[in-house]
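File shown here: structure.pdb, holding PDB, C-alpha atoms and all ligand atoms.
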ATOM      1  CA  MET A  10     -10.281 -16.797  20.252  1.00  0.00           C
ATOM      2  CA  ARG A  11      -9.038 -13.385  19.209  1.00  0.00           C
ATOM      3  CA  CYS A  12      -6.283 -12.249  16.859  1.00  0.00           C
ATOM      4  CA  MET A  13      -2.958 -12.134  18.735  1.00  0.00           C
ATOM      5  CA  LEU A  14      -2.083  -8.803  17.177  1.00  0.00           C
ATOM      6  CA  CYS A  15      -5.264  -6.718  16.876  1.00  0.00           C
ATOM      7  CA  ASN A  16      -7.517  -8.574  19.324  1.00  0.00           C
ATOM      8  CA  MET A  17     -10.424  -8.790  16.876  1.00  0.00           C
ATOM      9  CA  PRO A  18     -12.459 -12.032  16.995  1.00  0.00           C
ATOM     10  CA  LEU A  19     -11.032 -14.645  14.615  1.00  0.00           C
ATOM     11  CA  TYR A  20     -13.074 -16.158  11.833  1.00  0.00           C
ATOM     12  CA  LEU A  21     -10.905 -19.291  11.978  1.00  0.00           C
ATOM     13  CA  PRO A  22      -9.824 -19.681  15.622  1.00  0.00           C
ATOM     14  CA  ASN A  23      -6.823 -21.918  14.955  1.00  0.00           C
ATOM     15  CA  HIS A  24      -5.134 -19.343  12.742  1.00  0.00           C
ATOM     16  CA  GLY A  25      -4.053 -17.131  15.647  1.00  0.00           C
ATOM     17  CA  ILE A  26      -3.567 -14.047  13.483  1.00  0.00           C
ATOM     18  CA  CYS A  27      -6.324 -12.511  11.341  1.00  0.00           C
ATOM     19  CA  ASN A  28      -6.036 -12.040   7.574  1.00  0.00           C
ATOM     20  CA  GLN A  29      -5.949  -8.268   7.895  1.00  0.00           C
ATOM     21  CA  CYS A  30      -2.938  -8.410  10.238  1.00  0.00           C
ATOM     22  CA  ILE A  31      -1.209 -10.859   7.888  1.00  0.00           C
ATOM     23  CA  LYS A  32      -1.788  -8.405   5.032  1.00  0.00           C
ATOM     24  CA  ASN A  33      -0.408  -5.590   7.180  1.00  0.00           C
ATOM     25  CA  LEU A  34       2.830  -7.371   8.064  1.00  0.00           C
ATOM     26  CA  PRO A  35       5.764  -5.216   6.991  1.00  0.00           C
ATOM     27  CA  LYS A  36       6.849  -6.320   3.524  1.00  0.00           C
ATOM     28  CA  LEU A  37      10.485  -6.884   2.776  1.00  0.00           C
ATOM     29  CA  ASP A  38      11.802  -4.683  -0.030  1.00  0.00           C
ATOM     30  CA  LYS A  39      13.223  -6.382  -3.084  1.00  0.00           C
ATOM     31  CA  VAL A  40      15.206  -9.281  -1.664  1.00  0.00           C
ATOM     32  CA  CYS A  41      17.657 -11.748  -3.140  1.00  0.00           C
ATOM     33  CA  TYR A  42      15.972 -15.123  -3.698  1.00  0.00           C
ATOM     34  CA  GLN A  43      19.017 -16.940  -2.478  1.00  0.00           C
ATOM     35  CA  CYS A  44      20.034 -15.109   0.701  1.00  0.00           C
ATOM     36  CA  GLY A  45      16.847 -13.191   1.476  1.00  0.00           C
ATOM     37  CA  LEU A  46      18.628  -9.876   2.014  1.00  0.00           C
ATOM     38  CA  PRO A  47      17.639  -6.607   0.324  1.00  0.00           C
ATOM     39  CA  HIS A  48      19.522  -5.679  -2.833  1.00  0.00           C
ATOM     40  CA  SER A  49      19.142  -3.271  -5.715  1.00  0.00           C
ATOM     41  CA  LEU A  50      20.305  -5.250  -8.757  1.00  0.00           C
ATOM     42  CA  ALA A  51      17.758  -5.946 -11.498  1.00  0.00           C
ATOM     43  CA  THR A  52      18.545  -9.682 -11.162  1.00  0.00           C
ATOM     44  CA  ASP A  53      16.961 -12.173  -8.738  1.00  0.00           C
ATOM     45  CA  ILE A  54      20.271 -13.009  -7.083  1.00  0.00           C
ATOM     46  CA  CYS A  55      22.354 -10.337  -5.321  1.00  0.00           C
ATOM     47  CA  TYR A  56      26.023  -9.546  -5.918  1.00  0.00           C
ATOM     48  CA  ARG A  57      27.070 -11.174  -2.596  1.00  0.00           C
ATOM     49  CA  CYS A  58      25.574 -14.517  -3.604  1.00  0.00           C
ATOM     50  CA  ARG A  59      27.152 -14.211  -7.052  1.00  0.00           C
ATOM     51  CA  GLU A  60      30.578 -13.591  -5.529  1.00  0.00           C
ATOM     52  CA  GLU A  61      30.338 -16.308  -2.932  1.00  0.00           C
ATOM     53  CA  LYS A  62      27.522 -18.730  -3.507  1.00  0.00           C
ATOM     54  CA  PRO A  63      25.932 -20.058  -0.289  1.00  0.00           C
ATOM     55  CA  TYR A  64      25.470 -23.829   0.044  1.00  0.00           C
ATOM     56  CA  TRP A  65      21.706 -23.428   0.276  1.00  0.00           C
ATOM     57  CA  ASP A  66      19.640 -22.724  -2.857  1.00  0.00           C
ATOM     58  CA  GLU A  67      16.868 -20.400  -1.756  1.00  0.00           C
ATOM     59  CA  LEU A  68      15.697 -18.628   1.345  1.00  0.00           C
ATOM     60  CA  VAL A  69      12.150 -17.567   2.178  1.00  0.00           C
ATOM     61  CA  ALA A  70      11.568 -15.254   5.142  1.00  0.00           C
ATOM     62  CA  VAL A  71       8.305 -13.891   6.520  1.00  0.00           C
ATOM     63  CA  SER A  72       9.672 -10.503   7.512  1.00  0.00           C
ATOM     64  CA  ASP A  73      12.496  -8.541   9.009  1.00  0.00           C
ATOM     65  CA  TYR A  74      13.098  -8.850  12.756  1.00  0.00           C
ATOM     66  CA  ILE A  75      10.805  -5.940  13.595  1.00  0.00           C
ATOM     67  CA  HIS A  76       7.366  -5.317  15.050  1.00  0.00           C
ATOM     68  CA  PRO A  77       5.032  -7.246  15.129  1.00  0.00           C
ATOM     69  CA  LEU A  78       6.983 -10.468  14.509  1.00  0.00           C
ATOM     70  CA  LYS A  79       9.648  -9.533  17.023  1.00  0.00           C
ATOM     71  CA  LYS A  80       6.999  -9.280  19.719  1.00  0.00           C
ATOM     72  CA  LEU A  81       5.411 -12.601  18.760  1.00  0.00           C
ATOM     73  CA  ILE A  82       8.737 -14.442  18.716  1.00  0.00           C
ATOM     74  CA  HIS A  83       9.589 -13.024  22.106  1.00  0.00           C
ATOM     75  CA  HIS A  84       6.200 -14.050  23.379  1.00  0.00           C
ATOM     76  CA  PHE A  85       6.702 -17.549  22.085  1.00  0.00           C
ATOM     77  CA  LYS A  86      10.173 -17.973  23.573  1.00  0.00           C
ATOM     78  CA  PHE A  87       9.165 -16.907  27.030  1.00  0.00           C
ATOM     79  CA  ASN A  88       5.626 -18.161  27.352  1.00  0.00           C
ATOM     80  CA  GLN A  89       5.799 -21.163  25.037  1.00  0.00           C
ATOM     81  CA  ARG A  90       2.203 -20.760  23.970  1.00  0.00           C
ATOM     82  CA  ILE A  91       1.389 -23.398  21.432  1.00  0.00           C
ATOM     83  CA  GLU A  92      -1.106 -21.146  19.602  1.00  0.00           C
ATOM     84  CA  VAL A  93       1.671 -18.604  18.966  1.00  0.00           C
ATOM     85  CA  ASN A  94       3.836 -21.370  17.567  1.00  0.00           C
ATOM     86  CA  MET A  95       1.125 -22.518  15.171  1.00  0.00           C
ATOM     87  CA  ALA A  96       0.431 -18.963  14.034  1.00  0.00           C
ATOM     88  CA  LEU A  97       4.141 -18.371  13.350  1.00  0.00           C
ATOM     89  CA  ALA A  98       4.488 -21.681  11.507  1.00  0.00           C
ATOM     90  CA  ARG A  99       1.471 -20.763   9.399  1.00  0.00           C
ATOM     91  CA  LEU A 100       3.048 -17.434   8.434  1.00  0.00           C
ATOM     92  CA  MET A 101       6.166 -19.308   7.300  1.00  0.00           C
ATOM     93  CA  PHE A 102       4.117 -21.769   5.315  1.00  0.00           C
ATOM     94  CA  LEU A 103       2.189 -18.938   3.632  1.00  0.00           C
ATOM     95  CA  ALA A 104       5.453 -17.175   2.711  1.00  0.00           C
ATOM     96  CA  TRP A 105       6.770 -20.402   1.193  1.00  0.00           C
ATOM     97  CA  TYR A 106       3.507 -20.977  -0.644  1.00  0.00           C
ATOM     98  CA  GLN A 107       3.582 -17.465  -2.150  1.00  0.00           C
ATOM     99  CA  ARG A 108       7.131 -18.052  -3.388  1.00  0.00           C
ATOM    100  CA  ARG A 109       6.013 -21.349  -4.859  1.00  0.00           C
ATOM    101  CA  GLN A 110       3.096 -19.642  -6.642  1.00  0.00           C
ATOM    102  CA  SER A 111       5.282 -16.901  -8.081  1.00  0.00           C
ATOM    103  CA  LEU A 112       8.490 -18.809  -8.854  1.00  0.00           C
ATOM    104  CA  GLY A 113       7.456 -22.438  -8.890  1.00  0.00           C
ATOM    105  CA  ILE A 114       9.920 -23.658  -6.271  1.00  0.00           C
ATOM    106  CA  ASP A 115       9.731 -27.380  -5.570  1.00  0.00           C
ATOM    107  CA  LYS A 116       8.052 -29.118  -2.717  1.00  0.00           C
ATOM    108  CA  PRO A 117      10.894 -30.653  -0.675  1.00  0.00           C
ATOM    109  CA  ASP A 118      11.205 -34.399   0.010  1.00  0.00           C
ATOM    110  CA  LEU A 119      11.706 -33.874   3.722  1.00  0.00           C
ATOM    111  CA  VAL A 120      11.708 -31.169   6.371  1.00  0.00           C
ATOM    112  CA  THR A 121      14.352 -30.681   9.049  1.00  0.00           C
ATOM    113  CA  CYS A 122      15.362 -27.941  11.479  1.00  0.00           C
ATOM    114  CA  VAL A 123      18.445 -26.320  12.958  1.00  0.00           C
ATOM    115  CA  PRO A 124      19.374 -28.508  15.938  1.00  0.00           C
ATOM    116  CA  LEU A 125      20.118 -27.172  19.400  1.00  0.00           C
ATOM    117  CA  HIS A 126      22.953 -28.660  21.372  1.00  0.00           C
ATOM    118  CA  HIS A 127      21.402 -31.086  23.884  1.00  0.00           C
ATOM    119  CA  ILE A 128      22.545 -29.080  26.918  1.00  0.00           C
ATOM    120  CA  ARG A 129      20.692 -26.045  25.645  1.00  0.00           C
ATOM    121  CA  TYR A 130      17.761 -28.220  24.735  1.00  0.00           C
ATOM    122  CA  TRP A 131      17.549 -29.542  28.279  1.00  0.00           C
ATOM    123  CA  SER A 132      17.879 -26.140  29.860  1.00  0.00           C
ATOM    124  CA  ARG A 133      15.280 -24.575  27.617  1.00  0.00           C
ATOM    125  CA  GLY A 134      13.099 -27.641  27.239  1.00  0.00           C
ATOM    126  CA  PHE A 135      12.307 -27.104  23.577  1.00  0.00           C
ATOM    127  CA  ASN A 136      13.813 -26.187  20.239  1.00  0.00           C
ATOM    128  CA  GLN A 137      11.816 -23.419  18.599  1.00  0.00           C
ATOM    129  CA  ALA A 138      12.909 -24.365  15.091  1.00  0.00           C
ATOM    130  CA  GLN A 139      11.695 -27.906  15.717  1.00  0.00           C
ATOM    131  CA  LEU A 140       8.303 -26.728  16.959  1.00  0.00           C
ATOM    132  CA  LEU A 141       7.922 -24.565  13.855  1.00  0.00           C
ATOM    133  CA  ALA A 142       9.092 -27.276  11.462  1.00  0.00           C
ATOM    134  CA  LYS A 143       6.740 -30.017  12.630  1.00  0.00           C
ATOM    135  CA  PRO A 144       3.431 -28.430  11.518  1.00  0.00           C
ATOM    136  CA  ILE A 145       5.035 -27.221   8.270  1.00  0.00           C
ATOM    137  CA  ALA A 146       6.067 -30.804   7.416  1.00  0.00           C
ATOM    138  CA  LYS A 147       2.504 -31.907   8.156  1.00  0.00           C
ATOM    139  CA  TRP A 148       0.968 -29.253   5.893  1.00  0.00           C
ATOM    140  CA  LEU A 149       3.402 -30.187   3.130  1.00  0.00           C
ATOM    141  CA  ASN A 150       2.624 -33.849   3.704  1.00  0.00           C
ATOM    142  CA  ARG A 151       6.331 -34.612   3.928  1.00  0.00           C
ATOM    143  CA  ASP A 152       8.520 -36.535   6.378  1.00  0.00           C
ATOM    144  CA  PHE A 153       9.725 -34.553   9.340  1.00  0.00           C
ATOM    145  CA  ALA A 154      13.320 -35.405  10.223  1.00  0.00           C
ATOM    146  CA  PRO A 155      14.297 -33.324  13.277  1.00  0.00           C
ATOM    147  CA  TYR A 156      17.430 -35.347  14.080  1.00  0.00           C
ATOM    148  CA  LEU A 157      19.088 -35.367  10.683  1.00  0.00           C
ATOM    149  CA  LEU A 158      22.031 -33.429  12.076  1.00  0.00           C
ATOM    150  CA  ALA A 159      24.092 -33.621  15.246  1.00  0.00           C
ATOM    151  CA  ARG A 160      25.348 -30.471  16.898  1.00  0.00           C
ATOM    152  CA  LYS A 161      28.532 -30.454  18.939  1.00  0.00           C
ATOM    153  CA  HIS A 162      29.001 -28.314  21.970  1.00  0.00           C
ATOM    154  CA  GLN A 163      30.241 -24.800  21.278  1.00  0.00           C
ATOM    155  CA  ALA A 164      33.587 -24.743  23.091  1.00  0.00           C
ATOM    156  CA  VAL A 165      34.467 -21.078  22.747  1.00  0.00           C
ATOM    157  CA  ASP A 166      32.365 -18.000  23.178  1.00  0.00           C
ATOM    158  CA  GLN A 167      31.726 -16.705  19.668  1.00  0.00           C
ATOM    159  CA  LYS A 168      31.363 -13.123  20.836  1.00  0.00           C
ATOM    160  CA  ASN A 169      35.103 -12.519  21.141  1.00  0.00           C
ATOM    161  CA  LEU A 170      36.014 -13.899  17.728  1.00  0.00           C
ATOM    162  CA  SER A 171      36.477 -12.272  14.346  1.00  0.00           C
ATOM    163  CA  LEU A 172      33.753 -12.810  11.735  1.00  0.00           C
ATOM    164  CA  GLU A 173      35.866 -15.266   9.725  1.00  0.00           C
ATOM    165  CA  ARG A 174      36.823 -17.191  12.836  1.00  0.00           C
ATOM    166  CA  ARG A 175      33.144 -17.456  13.815  1.00  0.00           C
ATOM    167  CA  ALA A 176      32.202 -18.845  10.423  1.00  0.00           C
ATOM    168  CA  LEU A 177      35.009 -21.425  10.652  1.00  0.00           C
ATOM    169  CA  ASN A 178      33.947 -22.450  14.143  1.00  0.00           C
ATOM    170  CA  VAL A 179      30.319 -22.864  13.166  1.00  0.00           C
ATOM    171  CA  GLU A 180      31.346 -25.005  10.223  1.00  0.00           C
ATOM    172  CA  LYS A 181      32.752 -27.637  12.564  1.00  0.00           C
ATOM    173  CA  LEU A 182      29.671 -27.720  14.784  1.00  0.00           C
ATOM    174  CA  PHE A 183      27.319 -29.799  12.672  1.00  0.00           C
ATOM    175  CA  SER A 184      27.523 -33.270  11.260  1.00  0.00           C
ATOM    176  CA  CYS A 185      25.141 -35.339   9.197  1.00  0.00           C
ATOM    177  CA  LYS A 186      25.389 -39.099   8.782  1.00  0.00           C
ATOM    178  CA  GLN A 187      22.264 -39.798   6.742  1.00  0.00           C
ATOM    179  CA  ASN A 188      22.111 -40.773   3.117  1.00  0.00           C
ATOM    180  CA  LEU A 189      20.287 -37.918   1.391  1.00  0.00           C
ATOM    181  CA  LEU A 190      21.081 -38.906  -2.166  1.00  0.00           C
ATOM    182  CA  ASN A 191      18.940 -36.891  -4.617  1.00  0.00           C
ATOM    183  CA  LYS A 192      16.764 -35.562  -1.799  1.00  0.00           C
ATOM    184  CA  SER A 193      15.499 -32.027  -1.646  1.00  0.00           C
ATOM    185  CA  VAL A 194      15.547 -30.751   1.941  1.00  0.00           C
ATOM    186  CA  MET A 195      13.705 -27.913   3.626  1.00  0.00           C
ATOM    187  CA  LEU A 196      15.613 -26.476   6.586  1.00  0.00           C
ATOM    188  CA  ILE A 197      13.655 -24.468   9.164  1.00  0.00           C
ATOM    189  CA  ASP A 198      15.128 -21.805  11.437  1.00  0.00           C
ATOM    190  CA  ASP A 199      13.488 -19.050  13.466  1.00  0.00           C
ATOM    191  CA  ILE A 200      15.833 -16.109  12.905  1.00  0.00           C
ATOM    192  CA  VAL A 201      18.655 -16.046  10.360  1.00  0.00           C
ATOM    193  CA  THR A 202      21.327 -13.405  10.966  1.00  0.00           C
ATOM    194  CA  SER A 203      24.871 -13.997   9.663  1.00  0.00           C
ATOM    195  CA  GLY A 204      23.781 -17.121   7.807  1.00  0.00           C
ATOM    196  CA  ASN A 205      26.825 -19.031   9.116  1.00  0.00           C
ATOM    197  CA  THR A 206      24.727 -21.691  10.828  1.00  0.00           C
ATOM    198  CA  ILE A 207      22.426 -22.446   7.904  1.00  0.00           C
ATOM    199  CA  ASN A 208      25.390 -22.396   5.539  1.00  0.00           C
ATOM    200  CA  ALA A 209      27.329 -24.917   7.642  1.00  0.00           C
ATOM    201  CA  ILE A 210      24.272 -27.163   7.832  1.00  0.00           C
ATOM    202  CA  SER A 211      23.521 -26.835   4.116  1.00  0.00           C
ATOM    203  CA  LYS A 212      27.107 -27.820   3.332  1.00  0.00           C
ATOM    204  CA  GLN A 213      26.686 -30.981   5.429  1.00  0.00           C
ATOM    205  CA  LEU A 214      23.351 -31.793   3.777  1.00  0.00           C
ATOM    206  CA  LYS A 215      24.877 -31.402   0.315  1.00  0.00           C
ATOM    207  CA  ASN A 216      27.868 -33.529   1.343  1.00  0.00           C
ATOM    208  CA  CYS A 217      25.382 -36.245   2.273  1.00  0.00           C
ATOM    209  CA  GLY A 218      23.896 -36.117  -1.217  1.00  0.00           C
ATOM    210  CA  ALA A 219      21.079 -33.547  -0.945  1.00  0.00           C
ATOM    211  CA  ILE A 220      20.417 -31.921  -4.312  1.00  0.00           C
ATOM    212  CA  ARG A 221      18.584 -28.906  -3.006  1.00  0.00           C
ATOM    213  CA  VAL A 222      18.304 -27.041   0.292  1.00  0.00           C
ATOM    214  CA  GLN A 223      15.500 -24.543   0.868  1.00  0.00           C
ATOM    215  CA  ILE A 224      15.652 -22.359   3.966  1.00  0.00           C
ATOM    216  CA  ILE A 225      12.409 -21.123   5.504  1.00  0.00           C
ATOM    217  CA  CYS A 226      12.686 -18.731   8.418  1.00  0.00           C
ATOM    218  CA  LEU A 227      10.531 -16.268  10.294  1.00  0.00           C
ATOM    219  CA  CYS A 228      12.979 -13.394  10.162  1.00  0.00           C
ATOM    220  CA  ARG A 229      15.958 -12.538   8.040  1.00  0.00           C
ATOM    221  CA  THR A 230      18.034  -9.750   9.437  1.00  0.00           C
ATOM    222  CA  VAL A 231      21.544  -8.413   9.140  1.00  0.00           C
ATOM    223  CA  LEU A 232      21.648  -7.321  12.795  1.00  0.00           C
TER
HETATM  224 ZN    ZN B   1      -5.547  -9.060  13.614  1.00  0.00          ZN
HETATM  225 ZN    ZN B   2      21.918 -12.928  -2.064  1.00  0.00          ZN
END
Can you present the structure in this file as structure tokens?
Ligand SMILES: [Zn+2]
Ligand SMILES: [Zn+2]
Amino acid sequence: MRCMLCNMPLYLPNHGICNQCIKNLPKLDKVCYQCGLPHSLATDICYRCREEKPYWDELVAVSDYIHPLKKLIHHFKFNQRIEVNMALARLMFLAWYQRRQSLGIDKPDLVTCVPLHHIRYWSRGFNQAQLLAKPIAKWLNRDFAPYLLARKHQAVDQKNLSLERRALNVEKLFSCKQNLLNKSVMLIDDIVTSGNTINAISKQLKNCGAIRVQIICLCRTVL
């Protein structure tokens, strides 16, 4: 087994990506601990999150949506290679672990993922966020709860709507009926862009009693 990025033989075959390539992954500049976007304040939390606090509590991303992650994610979506999935999940876990080492964030009580609507699930055959979340839950030794939330069908095409309208629409998409009283939840997504989806889900989780929501994603991008 060789490294998926540099093709050098792997010391630990199941890792998929060698340590050197992990070290060489593009580092995000100073990012806000809550939203994961770059900012230039001296504080940990950016001005956007201070103005309008998201429903989630912290976000950990591996990198921006650029090479080489972009290529790997693409590869995974179209070839569905399980080794790629494990390598990506491992990168997410390492990013979370580093944040835990530096800031002491808590281990969650359970791990869930952004749900796909079942029609999309059937047509695609898998939910990437779910495939990433499962090994992470195992490594954390926590319950994996992929069906915590239900997702309704998206009736209108979001592309033609204003930004506010999109956010409002997304808010009505998800519902959670579980009792999460005093639970700390880790929510896994592959790529976070506007943040509308994870915010709508986090709101539902908090409404169901969750005390904390951590977001772990592969890429955080504003595009
Ligand atoms: Zn490599
Ligand atoms: Zn922020």
Quiz item: Rounded to one decimal in Å, what is the spacing between atom CA of A:Cys226 and atom CA of A:Leu100?
Solution: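 Calculated distance between atom CA of A:Cys226 and atom CA of A:Leu100 is 9.7 Å.
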Practice problem: For the structure provided, state which residues fall under the PyMOL selection byres (((chain A and resi 75-82) around 10) and not hetatm), and present them as a list of chain:residue names. | Solution: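 Evaluating the PyMOL selection byres (((chain A and resi 75-82) around 10) and not hetatm) on these coordinates yields A:Met13, A:Leu14, A:Cys30, A:Asn33, A:Leu34, A:Pro35, A:Val71, A:Ser72, A:Asp73, A:Tyr74, A:His83, A:His84, A:Phe85, A:Lys86, A:Phe87, A:Asn88, A:Gln89, A:Val93, A:Asn94, A:Ala96, A:Leu97, A:Gln137, A:Asp199, A:Ile200, A:Leu227, A:Cys228, A:Thr230.
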Quiz prompt | All residues having an atom within 6 Å of ligand ZN 2 (chain B) (only C-alpha atoms and all ligand atoms) as a PyMOL selection string | solution = chain A and resi 41+43-44+54-55+57-58
Practice problem: Using all atoms listed in the file, find each protein or nucleic acid residue lying at most 7 Å from ligand ZN 1 (chain B); present the set as a PyMOL selection string. | Solution: chain A and resi 12-17+26-30
Quiz item: In Å to one decimal, how far is atom CA of A:Arg59 from atom CA of A:Cys122?
Solution: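 These two atoms are separated by 25.9 Å.
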Quiz item: Rounded to one decimal in Å, what is the spacing between atom CA of A:Ala142 and atom CA of A:Val194?
Solution: 12.0 Å
Quiz prompt | Hits from the PyMOL selection byres (((chain A and resi 143) around 10) and not hetatm), listed as JSON, numbers by chain | solution = {"A": [95, 98, 120, 121, 122, 138, 139, 140, 141, 142, 144, 145, 146, 147, 148, 151, 152, 153, 154, 155, 197]}
Quiz item: For this file, the PyMOL selection byres (((chain A and resi 185) around 8) and not hetatm) selects which residues, as a PyMOL selection string?
Solution: chain A and resi 157-159+183-184+186-187+213-214+217
Quiz prompt | Nearest-residue call for A:Thr206, choices A:Pro117, A:Gly218, A:Gly134, A:Pro124, using only C-alpha atoms | solution =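 Closest residue, counting only C-alpha atoms: A:Pro124.
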Enclose all atoms of stretch 218-226 of chain A listed in the file in an axis-aligned box, grow every side by 4 Å, and hand back centre and edge lengths in Å to one decimal, as lines of an AutoDock Vina configuration file.
center_x = 18.2
center_y = -27.4
center_z = 2.1
size_x = 19.5
size_y = 25.4
size_z = 20.7
Repair of stretch 32-47 of chain A at the level of N, CA, C and O atoms, as a PDB file, in the frame of the given file:
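The result, stored in rebuild_16.pdb:
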ATOM      1  N   LYS A  32      -1.973  -9.334   6.156  1.00  0.00           N
ATOM      2  CA  LYS A  32      -1.788  -8.405   5.032  1.00  0.00           C
ATOM      3  C   LYS A  32      -0.944  -7.203   5.440  1.00  0.00           C
ATOM      4  O   LYS A  32      -0.184  -6.670   4.648  1.00  0.00           O
ATOM      5  N   ASN A  33      -1.113  -6.784   6.708  1.00  0.00           N
ATOM      6  CA  ASN A  33      -0.408  -5.590   7.180  1.00  0.00           C
ATOM      7  C   ASN A  33       1.021  -5.848   7.657  1.00  0.00           C
ATOM      8  O   ASN A  33       1.698  -4.916   8.062  1.00  0.00           O
ATOM      9  N   LEU A  34       1.455  -7.100   7.625  1.00  0.00           N
ATOM     10  CA  LEU A  34       2.830  -7.371   8.064  1.00  0.00           C
ATOM     11  C   LEU A  34       3.797  -6.573   7.197  1.00  0.00           C
ATOM     12  O   LEU A  34       3.578  -6.463   5.992  1.00  0.00           O
ATOM     13  N   PRO A  35       4.846  -6.007   7.810  1.00  0.00           N
ATOM     14  CA  PRO A  35       5.764  -5.216   6.991  1.00  0.00           C
ATOM     15  C   PRO A  35       6.368  -6.068   5.885  1.00  0.00           C
ATOM     16  O   PRO A  35       6.831  -7.175   6.122  1.00  0.00           O
ATOM     17  N   LYS A  36       6.308  -5.564   4.669  1.00  0.00           N
ATOM     18  CA  LYS A  36       6.849  -6.320   3.524  1.00  0.00           C
ATOM     19  C   LYS A  36       8.340  -6.035   3.403  1.00  0.00           C
ATOM     20  O   LYS A  36       8.782  -4.924   3.620  1.00  0.00           O
ATOM     21  N   LEU A  37       9.068  -7.078   3.053  1.00  0.00           N
ATOM     22  CA  LEU A  37      10.485  -6.884   2.776  1.00  0.00           C
ATOM     23  C   LEU A  37      10.591  -6.192   1.424  1.00  0.00           C
ATOM     24  O   LEU A  37       9.793  -6.455   0.529  1.00  0.00           O
ATOM     25  N   ASP A  38      11.557  -5.294   1.279  1.00  0.00           N
ATOM     26  CA  ASP A  38      11.802  -4.683  -0.030  1.00  0.00           C
ATOM     27  C   ASP A  38      12.298  -5.772  -0.976  1.00  0.00           C
ATOM     28  O   ASP A  38      12.340  -6.923  -0.597  1.00  0.00           O
ATOM     29  N   LYS A  39      12.706  -5.390  -2.139  1.00  0.00           N
ATOM     30  CA  LYS A  39      13.223  -6.382  -3.084  1.00  0.00           C
ATOM     31  C   LYS A  39      14.367  -7.161  -2.425  1.00  0.00           C
ATOM     32  O   LYS A  39      15.355  -6.565  -1.999  1.00  0.00           O
ATOM     33  N   VAL A  40      14.167  -8.469  -2.301  1.00  0.00           N
ATOM     34  CA  VAL A  40      15.206  -9.281  -1.664  1.00  0.00           C
ATOM     35  C   VAL A  40      15.763 -10.306  -2.638  1.00  0.00           C
ATOM     36  O   VAL A  40      15.103 -10.711  -3.592  1.00  0.00           O
ATOM     37  N   CYS A  41      16.991 -10.718  -2.351  1.00  0.00           N
ATOM     38  CA  CYS A  41      17.657 -11.748  -3.140  1.00  0.00           C
ATOM     39  C   CYS A  41      16.970 -13.081  -2.858  1.00  0.00           C
ATOM     40  O   CYS A  41      16.712 -13.427  -1.712  1.00  0.00           O
ATOM     41  N   TYR A  42      16.661 -13.852  -3.901  1.00  0.00           N
ATOM     42  CA  TYR A  42      15.972 -15.123  -3.698  1.00  0.00           C
ATOM     43  C   TYR A  42      16.842 -16.145  -2.976  1.00  0.00           C
ATOM     44  O   TYR A  42      16.347 -17.054  -2.348  1.00  0.00           O
ATOM     45  N   GLN A  43      18.154 -15.946  -3.108  1.00  0.00           N
ATOM     46  CA  GLN A  43      19.017 -16.940  -2.478  1.00  0.00           C
ATOM     47  C   GLN A  43      19.310 -16.650  -1.012  1.00  0.00           C
ATOM     48  O   GLN A  43      19.193 -17.531  -0.176  1.00  0.00           O
ATOM     49  N   CYS A  44      19.670 -15.393  -0.698  1.00  0.00           N
ATOM     50  CA  CYS A  44      20.034 -15.109   0.701  1.00  0.00           C
ATOM     51  C   CYS A  44      18.941 -14.393   1.474  1.00  0.00           C
ATOM     52  O   CYS A  44      19.001 -14.290   2.699  1.00  0.00           O
ATOM     53  N   GLY A  45      17.950 -13.845   0.785  1.00  0.00           N
ATOM     54  CA  GLY A  45      16.847 -13.191   1.476  1.00  0.00           C
ATOM     55  C   GLY A  45      17.147 -11.787   1.957  1.00  0.00           C
ATOM     56  O   GLY A  45      16.333 -11.197   2.666  1.00  0.00           O
ATOM     57  N   LEU A  46      18.295 -11.233   1.583  1.00  0.00           N
ATOM     58  CA  LEU A  46      18.628  -9.876   2.014  1.00  0.00           C
ATOM     59  C   LEU A  46      18.289  -8.869   0.914  1.00  0.00           C
ATOM     60  O   LEU A  46      18.303  -9.213  -0.269  1.00  0.00           O
ATOM     61  N   PRO A  47      17.982  -7.624   1.319  1.00  0.00           N
ATOM     62  CA  PRO A  47      17.639  -6.607   0.324  1.00  0.00           C
ATOM     63  C   PRO A  47      18.808  -6.344  -0.629  1.00  0.00           C
ATOM     64  O   PRO A  47      19.967  -6.413  -0.213  1.00  0.00           O
TER      65      PRO A  47
END
